[in-house]
$ cat coords_28.tsv   # TSV, C-alpha atoms
chain	number	residue	atom	x	y	z
A	4	MET	CA	-6.83	9.88	-1.44
A	5	ALA	CA	-6.96	9.95	-5.25
A	6	CYS	CA	-9.96	7.84	-6.29
A	7	PHE	CA	-10.83	10.16	-9.19
A	8	ILE	CA	-7.71	8.97	-11.09
A	9	ALA	CA	-9.53	5.82	-12.33
A	10	PRO	CA	-12.43	7.78	-13.95
A	11	ALA	CA	-9.83	10.31	-15.23
A	12	VAL	CA	-7.97	7.51	-17.05
A	13	GLU	CA	-11.28	6.29	-18.51
A	14	ALA	CA	-12.10	9.88	-19.58
A	15	VAL	CA	-8.77	10.22	-21.45
A	16	VAL	CA	-9.25	6.88	-23.24
A	17	MET	CA	-12.92	7.51	-24.09
A	18	THR	CA	-12.17	11.04	-25.37
A	19	ALA	CA	-9.66	9.54	-27.80
A	20	VAL	CA	-12.29	6.96	-28.83
A	21	GLN	CA	-14.88	9.74	-29.27
A	22	LYS	CA	-12.55	11.76	-31.55
A	23	HIS	CA	-11.90	8.66	-33.69
A	24	VAL	CA	-15.61	7.78	-33.92
A	25	GLU	CA	-16.50	11.43	-34.72
A	26	LYS	CA	-14.12	11.40	-37.69
A	27	LYS	CA	-15.39	8.03	-38.93
A	28	GLU	CA	-19.07	8.98	-38.64
A	29	ALA	CA	-18.49	12.39	-40.24
A	30	GLU	CA	-16.97	10.62	-43.25
A	31	GLU	CA	-19.96	8.25	-43.48
A	32	LEU	CA	-22.57	10.99	-43.07
A	33	ARG	CA	-20.89	13.65	-45.18
A	34	VAL	CA	-23.00	15.14	-47.94
A	35	TYR	CA	-20.99	17.00	-50.59
A	36	THR	CA	-22.95	19.93	-51.94
A	37	SER	CA	-20.02	21.48	-53.83
A	38	GLU	CA	-16.24	21.21	-53.79
A	39	GLU	CA	-15.77	23.94	-51.16
A	40	HIS	CA	-18.93	23.44	-49.17
A	41	VAL	CA	-19.30	20.25	-47.14
A	42	VAL	CA	-22.33	19.43	-45.04
A	43	VAL	CA	-22.36	16.79	-42.29
A	44	ALA	CA	-25.96	15.60	-41.98
A	45	GLU	CA	-26.95	13.80	-38.82
A	46	PRO	CA	-29.71	11.25	-39.50
A	47	GLU	CA	-33.12	12.12	-38.10
A	48	ASN	CA	-34.36	10.05	-35.14
A	49	LYS	CA	-30.94	8.41	-34.77
A	50	ILE	CA	-28.31	9.28	-32.22
A	51	THR	CA	-24.77	8.86	-33.48
A	52	TRP	CA	-22.15	7.03	-31.39
A	53	ALA	CA	-20.08	10.22	-31.30
A	54	ARG	CA	-22.95	11.97	-29.52
A	55	ARG	CA	-23.46	9.07	-27.10
A	56	LEU	CA	-19.75	9.06	-26.24
A	57	LYS	CA	-19.96	12.83	-25.71
A	58	TRP	CA	-22.53	12.18	-22.94
A	59	LEU	CA	-20.23	9.66	-21.25
A	60	ASN	CA	-17.23	11.98	-21.50
A	61	GLY	CA	-19.30	14.92	-20.22
A	62	MET	CA	-20.11	12.96	-17.06
A	63	LEU	CA	-16.57	11.62	-16.66
A	64	TRP	CA	-14.74	14.96	-17.14
A	65	GLY	CA	-17.34	16.89	-15.12
A	66	GLY	CA	-17.09	14.44	-12.24
A	67	VAL	CA	-13.29	14.33	-12.39
A	68	ALA	CA	-13.01	18.15	-12.33
A	69	LEU	CA	-15.31	18.54	-9.31
A	70	LEU	CA	-13.74	15.61	-7.43
A	71	ALA	CA	-10.25	17.02	-8.10
A	72	LEU	CA	-11.36	20.26	-6.44
A	73	GLU	CA	-12.62	18.29	-3.44
A	74	HIS	CA	-9.23	16.54	-3.14
A	75	VAL	CA	-7.41	19.89	-3.28
A	76	TRP	CA	-9.80	21.24	-0.59
A	77	HIS	CA	-9.02	18.28	1.68
A	78	GLY	CA	-5.25	18.65	1.11
A	79	GLU	CA	-4.96	15.31	-0.71
A	80	ILE	CA	-3.52	17.03	-3.79
A	81	VAL	CA	-0.81	19.66	-3.31
A	82	ALA	CA	1.08	22.00	-5.65
A	83	SER	CA	4.52	20.49	-4.94
A	84	PHE	CA	6.02	17.15	-6.08
A	85	PRO	CA	4.81	14.32	-5.76
A	86	PHE	CA	1.48	16.24	-5.78
A	87	LEU	CA	-0.34	13.48	-3.89
A	88	THR	CA	-0.15	13.67	-0.09
A	89	ALA	CA	-0.60	9.89	0.23
A	90	VAL	CA	2.61	9.30	-1.80
A	91	ALA	CA	4.53	11.89	0.23
A	92	GLU	CA	3.42	10.17	3.46
A	93	GLY	CA	4.39	6.68	2.23
A	94	GLN	CA	0.80	5.44	1.80
A	95	THR	CA	1.20	4.58	-1.88
A	96	MET	CA	-0.21	1.03	-1.56
A	97	GLU	CA	-3.33	2.24	0.29
A	98	MET	CA	-3.78	4.95	-2.35
A	99	LEU	CA	-3.49	2.45	-5.22
A	100	LYS	CA	-5.99	0.17	-3.47
A	101	GLU	CA	-8.43	3.08	-3.16
A	102	ILE	CA	-7.98	4.03	-6.81
A	103	ALA	CA	-8.68	0.43	-7.82
A	104	ILE	CA	-11.69	-0.18	-5.54
A	105	THR	CA	-13.43	3.20	-5.14
A	106	GLY	CA	-12.22	4.73	-8.42
A	107	GLY	CA	-12.94	1.53	-10.34
A	108	ALA	CA	-16.46	1.38	-8.86
A	109	MET	CA	-17.01	5.05	-9.82
A	110	ALA	CA	-15.92	4.45	-13.42
A	111	LEU	CA	-18.02	1.27	-13.69
A	112	THR	CA	-21.13	2.93	-12.23
A	113	ILE	CA	-20.89	5.95	-14.55
A	114	THR	CA	-20.41	3.65	-17.56
A	115	ALA	CA	-23.30	1.38	-16.50
A	116	ILE	CA	-25.66	4.37	-16.03
A	117	TRP	CA	-24.58	5.77	-19.41
A	118	GLY	CA	-25.26	2.37	-21.01
A	119	GLY	CA	-28.73	2.33	-19.42
A	120	VAL	CA	-29.48	5.85	-20.68
A	121	CYS	CA	-28.34	4.94	-24.23
A	122	PHE	CA	-30.51	1.80	-24.16
A	123	ALA	CA	-33.56	3.74	-22.90
A	124	VAL	CA	-33.10	6.48	-25.54
A	125	GLU	CA	-32.78	3.85	-28.28
A	126	LYS	CA	-36.00	2.12	-27.14
A	127	LEU	CA	-37.84	5.49	-26.92
A	128	MET	CA	-36.77	6.43	-30.44
A	129	ALA	CA	-37.78	3.04	-31.83
A	130	LYS	CA	-41.20	3.51	-30.19
A	131	GLN	CA	-41.50	6.99	-31.73
A	132	ASP	CA	-40.49	5.63	-35.15
A	133	SER	CA	-43.13	2.88	-35.04
A	134	ALA	CA	-45.80	5.39	-33.91
A	135	VAL	CA	-44.93	7.64	-36.87
A	136	ALA	CA	-44.95	4.63	-39.23
A	137	ARG	CA	-48.43	3.63	-37.94
A	138	LEU	CA	-49.68	7.19	-38.50
A	139	LEU	CA	-48.32	7.19	-42.03
A	140	GLU	CA	-50.01	3.86	-42.79
A	141	LYS	CA	-53.43	5.26	-41.82
B	12	MET	CA	-22.89	17.90	2.40
B	13	TYR	CA	-21.12	18.62	-0.87
B	14	PHE	CA	-22.71	15.46	-2.28
B	15	ALA	CA	-26.20	16.68	-1.33
B	16	LEU	CA	-25.56	20.15	-2.78
B	17	THR	CA	-24.17	18.74	-6.05
B	18	LEU	CA	-27.11	16.32	-6.32
B	19	ALA	CA	-29.52	19.22	-5.77
B	20	ALA	CA	-27.70	21.21	-8.47
B	21	ALA	CA	-27.96	18.21	-10.83
B	22	ILE	CA	-31.73	17.88	-10.24
B	23	ILE	CA	-32.31	21.65	-10.70
B	24	ALA	CA	-30.15	21.73	-13.87
B	25	THR	CA	-32.12	18.76	-15.26
B	26	ILE	CA	-35.48	20.47	-14.57
B	27	ILE	CA	-34.20	23.63	-16.32
B	28	TRP	CA	-32.96	21.47	-19.23
B	29	VAL	CA	-36.39	19.83	-19.59
B	30	LYS	CA	-38.34	23.12	-19.38
B	31	ASN	CA	-36.09	25.42	-21.42
B	32	GLU	CA	-36.58	25.31	-25.19
B	33	ARG	CA	-33.17	26.94	-25.77
B	34	ARG	CA	-31.46	23.94	-24.12
B	35	ASN	CA	-29.15	23.24	-27.08
B	36	GLU	CA	-28.18	26.88	-27.62
B	37	LEU	CA	-27.45	27.29	-23.89
B	38	LYS	CA	-25.62	23.95	-23.66
B	39	LEU	CA	-27.75	22.99	-20.65
B	40	GLY	CA	-27.07	19.31	-21.33
B	41	SER	CA	-23.38	19.86	-20.54
B	42	LEU	CA	-24.28	21.50	-17.22
B	43	CYS	CA	-26.47	18.50	-16.30
B	44	LEU	CA	-23.71	16.02	-17.25
B	45	ILE	CA	-21.10	17.85	-15.12
B	46	TYR	CA	-23.29	17.76	-11.99
B	47	TRP	CA	-24.61	14.22	-12.58
B	48	GLY	CA	-21.08	12.90	-13.15
B	49	ALA	CA	-19.86	14.32	-9.83
B	50	SER	CA	-23.05	13.25	-7.98
B	51	ILE	CA	-22.74	9.64	-9.16
B	52	MET	CA	-19.02	9.51	-8.25
B	53	TRP	CA	-19.65	10.90	-4.77
B	54	ALA	CA	-22.62	8.57	-4.29
B	55	VAL	CA	-20.33	5.57	-4.96
B	56	ASP	CA	-17.68	7.04	-2.65
B	57	LEU	CA	-20.30	7.57	0.07
B	58	VAL	CA	-21.65	4.00	-0.21
B	59	ILE	CA	-18.12	2.55	0.12
B	60	ALA	CA	-17.19	4.93	2.98
B	61	TRP	CA	-20.51	4.16	4.72
B	62	GLY	CA	-19.53	0.48	4.84
B	63	GLU	CA	-16.24	1.38	6.53
B	64	GLU	CA	-17.07	4.40	8.73
B	65	GLY	CA	-20.89	4.39	9.07
B	66	ALA	CA	-22.81	7.68	9.31
B	67	ALA	CA	-19.55	9.63	9.84
B	68	ALA	CA	-18.93	9.25	6.10
B	69	PHE	CA	-21.55	11.96	5.45
B	70	GLU	CA	-19.74	15.22	6.23
B	71	THR	CA	-22.11	17.94	7.46
B	72	GLY	CA	-19.90	20.69	8.91
B	73	ALA	CA	-19.51	24.27	7.74
B	74	SER	CA	-16.40	23.33	5.74
B	75	ALA	CA	-18.31	20.59	3.85
B	76	THR	CA	-21.14	23.05	3.10
B	77	MET	CA	-18.65	25.67	1.88
B	78	LEU	CA	-16.98	23.01	-0.28
B	79	GLY	CA	-20.40	22.13	-1.74
B	80	ILE	CA	-21.01	25.77	-2.70
B	81	VAL	CA	-17.52	26.06	-4.27
B	82	VAL	CA	-18.03	22.76	-6.17
B	83	VAL	CA	-21.41	23.91	-7.57
B	84	ALA	CA	-19.80	27.26	-8.54
B	85	LEU	CA	-16.95	25.43	-10.32
B	86	GLY	CA	-19.48	23.33	-12.27
B	87	ALA	CA	-21.27	26.53	-13.33
B	88	ALA	CA	-17.93	28.15	-14.26
B	89	ILE	CA	-16.96	25.17	-16.46
B	90	TRP	CA	-20.38	25.39	-18.15
B	91	GLY	CA	-19.85	29.15	-18.66
B	92	VAL	CA	-16.50	28.50	-20.38
B	93	LEU	CA	-18.08	25.79	-22.61
B	94	LEU	CA	-20.95	28.14	-23.50
B	95	ALA	CA	-18.59	31.02	-24.34
B	96	ALA	CA	-16.42	28.72	-26.48
B	97	SER	CA	-19.50	27.43	-28.33
B	98	LYS	CA	-20.76	31.00	-29.00
B	99	ARG	CA	-17.32	31.99	-30.31
B	100	ARG	CA	-17.24	28.96	-32.60
B	101	ILE	CA	-20.70	29.83	-33.99
B	102	ALA	CA	-19.70	33.50	-34.49
B	103	ALA	CA	-16.52	32.45	-36.31
B	104	ARG	CA	-18.50	30.44	-38.92
$ encode --input "coords_28.tsv" --output "structure tokens"
Amino acid sequence: MACFIAPAVEAVVMTAVQKHVEKKEAEELRVYTSEEHVVVAEPENKITWARRLKWLNGMLWGGVALLALEHVWHGEIVASFPFLTAVAEGQTMEMLKEIAITGGAMALTITAIWGGVCFAVEKLMAKQDSAVARLLEK
Amino acid sequence: MYFALTLAAAIIATIIWVKNERRNELKLGSLCLIYWGASIMWAVDLVIAWGEEGAAAFETGASATMLGIVVVALGAAIWGVLLAASKRRIAAR
């Protein structure tokens, strides 16, 4: 019906969050080399939150775009008002239920997988850091 | 069928991302994210539909296959646009 609307809402919110975090981190990491020339230096062996959020938004927007095409293909989204066939056919409650259950599950799963990936990358980088530190101690 | 084709595209894109040293320049990570995002969403949809409709939830007809091809092409087209925009941004610097 229109399950992709829930991840689409999350994508809009998280894109706004990403833009805010990008600005904040750029201010923190900014290295001024001269008045006209500004360099933003990303720390080595550290992944910024802006980059992590970019991964989440990449999955959310990518998934939403491809699922929107599927809905157009199946005639669930049309070019005329109210754009959603379910609303035009008086199935608004069923549609909202599907957005909440299926769409909510989609958004939660994507976010949970993203969280797992971030955690795994963090652990991997910590492992690499300690291996480098051990090498330097020798 | 479109789920299977998108999942296959996600796996292939990930293998290319791992093997290609120009992954950042070619924005291969974005291509992987697009396909993985759609694959995960359809996987959730399929699991929920499976509980309601059973095996019928997995569409296998010619239309579903055609949709899968169109979906994979759209993912590649979005990646192409992102890549072109990134190249333009680099050239403008």
$ closest_atom_pairs --input "coords_28.tsv" --of "chain B" --to "chain A" --cutoff "9 Å" --atoms "only C-alpha atoms" --output "tab-separated table"
residue	atom	partner	partner_atom	distance
B:Tyr13	CA	A:Glu73	CA	8.9
B:Gly40	CA	A:Trp58	CA	8.6
B:Ser41	CA	A:Gly61	CA	6.4
B:Leu42	CA	A:Gly65	CA	8.6
B:Cys43	CA	A:Met62	CA	8.5
B:Leu44	CA	A:Met62	CA	4.7
B:Ile45	CA	A:Gly65	CA	3.9
B:Tyr46	CA	A:Gly65	CA	6.8
B:Trp47	CA	A:Met62	CA	6.5
B:Gly48	CA	A:Met62	CA	4.0
B:Ala49	CA	A:Gly66	CA	3.7
B:Ser50	CA	A:Gly66	CA	7.4
B:Ile51	CA	A:Ile113	CA	6.8
B:Met52	CA	A:Met109	CA	5.1
B:Trp53	CA	A:Leu70	CA	8.0
B:Ala54	CA	A:Met109	CA	8.6
B:Val55	CA	A:Met109	CA	5.9
B:Asp56	CA	A:Thr105	CA	6.2
B:Ile59	CA	A:Thr105	CA	7.1
B:Leu78	CA	A:Glu73	CA	7.2
B:Gly79	CA	A:Glu73	CA	8.8
B:Val81	CA	A:Leu72	CA	8.7
B:Val82	CA	A:Leu69	CA	5.9
B:Val83	CA	A:Leu69	CA	8.3
B:Leu85	CA	A:Leu69	CA	7.2
B:Gly86	CA	A:Leu69	CA	7.0
B:Ile89	CA	A:Gly65	CA	8.4
$ atom_distance --input "coords_28.tsv" --atom1 "CA of Val24 in chain A" --atom2 "CA of Ala53 in chain A"
5.7 Å
$ residues_around --input "coords_28.tsv" --residues "Lys126 in chain A" --least-positions-apart "5" --cutoff "12 Å" --atoms "only C-alpha atoms" --output "ChimeraX atom specification"
/A:48-50,119-121,131-133
$ atom_distance --input "coords_28.tsv" --atom1 "CA of Val75 in chain A" --atom2 "CA of Gly62 in chain B"
24.3 Å
$ atom_distance --input "coords_28.tsv" --atom1 "CA of Glu125 in chain A" --atom2 "CA of Arg55 in chain A"
10.7 Å
$ residues_near_point --input "coords_28.tsv" --point "(-24.5, 29.3, -28.0)" --cutoff "6 Å" --atoms "all atoms listed in the file" --output "number ranges by chain"
B: 36-37, 94, 97-98
$ residues_near_point --input "coords_28.tsv" --point "(-7.2, 7.2, -1.6)" --cutoff "7 Å" --atoms "only C-alpha atoms" --output "tab-separated table (two decimals) with C-alpha atoms, in the coordinates of the input"
chain	number	residue	atom	x	y	z
A	4	MET	CA	-6.83	9.88	-1.44
A	5	ALA	CA	-6.96	9.95	-5.25
A	6	CYS	CA	-9.96	7.84	-6.29
A	97	GLU	CA	-3.33	2.24	0.29
A	98	MET	CA	-3.78	4.95	-2.35
A	101	GLU	CA	-8.43	3.08	-3.16
A	102	ILE	CA	-7.98	4.03	-6.81
$ residues_around --input "coords_28.tsv" --residues "Leu16 in chain B" --least-positions-apart "2" --cutoff "8 Å" --atoms "only C-alpha atoms" --output "list in words"
Met12, Tyr13, Phe14, Leu18, Ala19, Ala20, Thr76, Gly79, Ile80 and Val83 of chain B
$ write_last_selection --input "coords_28.tsv" --atoms "C-alpha atoms" --output "PDB file, in the frame of the given file"
ATOM      1  CA  MET B  12     -22.890  17.900   2.400  1.00  0.00           C
ATOM      2  CA  TYR B  13     -21.120  18.620  -0.870  1.00  0.00           C
ATOM      3  CA  PHE B  14     -22.710  15.460  -2.280  1.00  0.00           C
ATOM      4  CA  LEU B  18     -27.110  16.320  -6.320  1.00  0.00           C
ATOM      5  CA  ALA B  19     -29.520  19.220  -5.770  1.00  0.00           C
ATOM      6  CA  ALA B  20     -27.700  21.210  -8.470  1.00  0.00           C
ATOM      7  CA  THR B  76     -21.140  23.050   3.100  1.00  0.00           C
ATOM      8  CA  GLY B  79     -20.400  22.130  -1.740  1.00  0.00           C
ATOM      9  CA  ILE B  80     -21.010  25.770  -2.700  1.00  0.00           C
ATOM     10  CA  VAL B  83     -21.410  23.910  -7.570  1.00  0.00           C
TER      11      VAL B  83
END
$ build_atoms --input "coords_28.tsv" --residues "range 78-99 of chain B" --atoms "N, CA and C atoms" --output "tab-separated table (two decimals), in the coordinates of the input"
chain	number	residue	atom	x	y	z
B	78	LEU	N	-17.54	23.78	0.85
B	78	LEU	CA	-16.98	23.01	-0.28
B	78	LEU	C	-18.08	22.74	-1.31
B	79	GLY	N	-19.27	22.39	-0.84
B	79	GLY	CA	-20.40	22.13	-1.74
B	79	GLY	C	-20.72	23.34	-2.59
B	80	ILE	N	-20.71	24.53	-1.96
B	80	ILE	CA	-21.01	25.77	-2.70
B	80	ILE	C	-19.91	26.03	-3.74
B	81	VAL	N	-18.66	25.83	-3.35
B	81	VAL	CA	-17.52	26.06	-4.27
B	81	VAL	C	-17.59	25.07	-5.44
B	82	VAL	N	-17.94	23.80	-5.13
B	82	VAL	CA	-18.03	22.76	-6.17
B	82	VAL	C	-19.12	23.12	-7.19
B	83	VAL	N	-20.29	23.54	-6.68
B	83	VAL	CA	-21.41	23.91	-7.57
B	83	VAL	C	-20.98	25.12	-8.43
B	84	ALA	N	-20.27	26.07	-7.80
B	84	ALA	CA	-19.80	27.26	-8.54
B	84	ALA	C	-18.80	26.85	-9.62
B	85	LEU	N	-17.92	25.88	-9.31
B	85	LEU	CA	-16.95	25.43	-10.32
B	85	LEU	C	-17.66	24.77	-11.51
B	86	GLY	N	-18.69	23.97	-11.20
B	86	GLY	CA	-19.48	23.33	-12.27
B	86	GLY	C	-20.10	24.39	-13.18
B	87	ALA	N	-20.65	25.44	-12.55
B	87	ALA	CA	-21.27	26.53	-13.33
B	87	ALA	C	-20.20	27.28	-14.14
B	88	ALA	N	-19.02	27.44	-13.56
B	88	ALA	CA	-17.93	28.15	-14.26
B	88	ALA	C	-17.47	27.35	-15.49
B	89	ILE	N	-17.37	26.03	-15.33
B	89	ILE	CA	-16.96	25.17	-16.46
B	89	ILE	C	-18.01	25.29	-17.57
B	90	TRP	N	-19.28	25.25	-17.18
B	90	TRP	CA	-20.38	25.39	-18.15
B	90	TRP	C	-20.29	26.76	-18.85
B	91	GLY	N	-20.00	27.80	-18.09
B	91	GLY	CA	-19.85	29.15	-18.66
B	91	GLY	C	-18.75	29.19	-19.72
B	92	VAL	N	-17.63	28.55	-19.43
B	92	VAL	CA	-16.50	28.50	-20.38
B	92	VAL	C	-16.92	27.75	-21.65
B	93	LEU	N	-17.61	26.59	-21.46
B	93	LEU	CA	-18.08	25.79	-22.61
B	93	LEU	C	-19.05	26.58	-23.47
B	94	LEU	N	-19.94	27.33	-22.79
B	94	LEU	CA	-20.95	28.14	-23.50
B	94	LEU	C	-20.27	29.26	-24.29
B	95	ALA	N	-19.31	29.93	-23.67
B	95	ALA	CA	-18.59	31.02	-24.34
B	95	ALA	C	-17.82	30.49	-25.55
B	96	ALA	N	-17.18	29.33	-25.38
B	96	ALA	CA	-16.42	28.72	-26.48
B	96	ALA	C	-17.35	28.35	-27.63
B	97	SER	N	-18.54	27.82	-27.30
B	97	SER	CA	-19.50	27.43	-28.33
B	97	SER	C	-20.01	28.67	-29.09
B	98	LYS	N	-20.27	29.77	-28.36
B	98	LYS	CA	-20.76	31.00	-29.00
B	98	LYS	C	-19.69	31.58	-29.92
B	99	ARG	N	-18.43	31.48	-29.48
B	99	ARG	CA	-17.32	31.99	-30.31
B	99	ARG	C	-17.19	31.19	-31.59
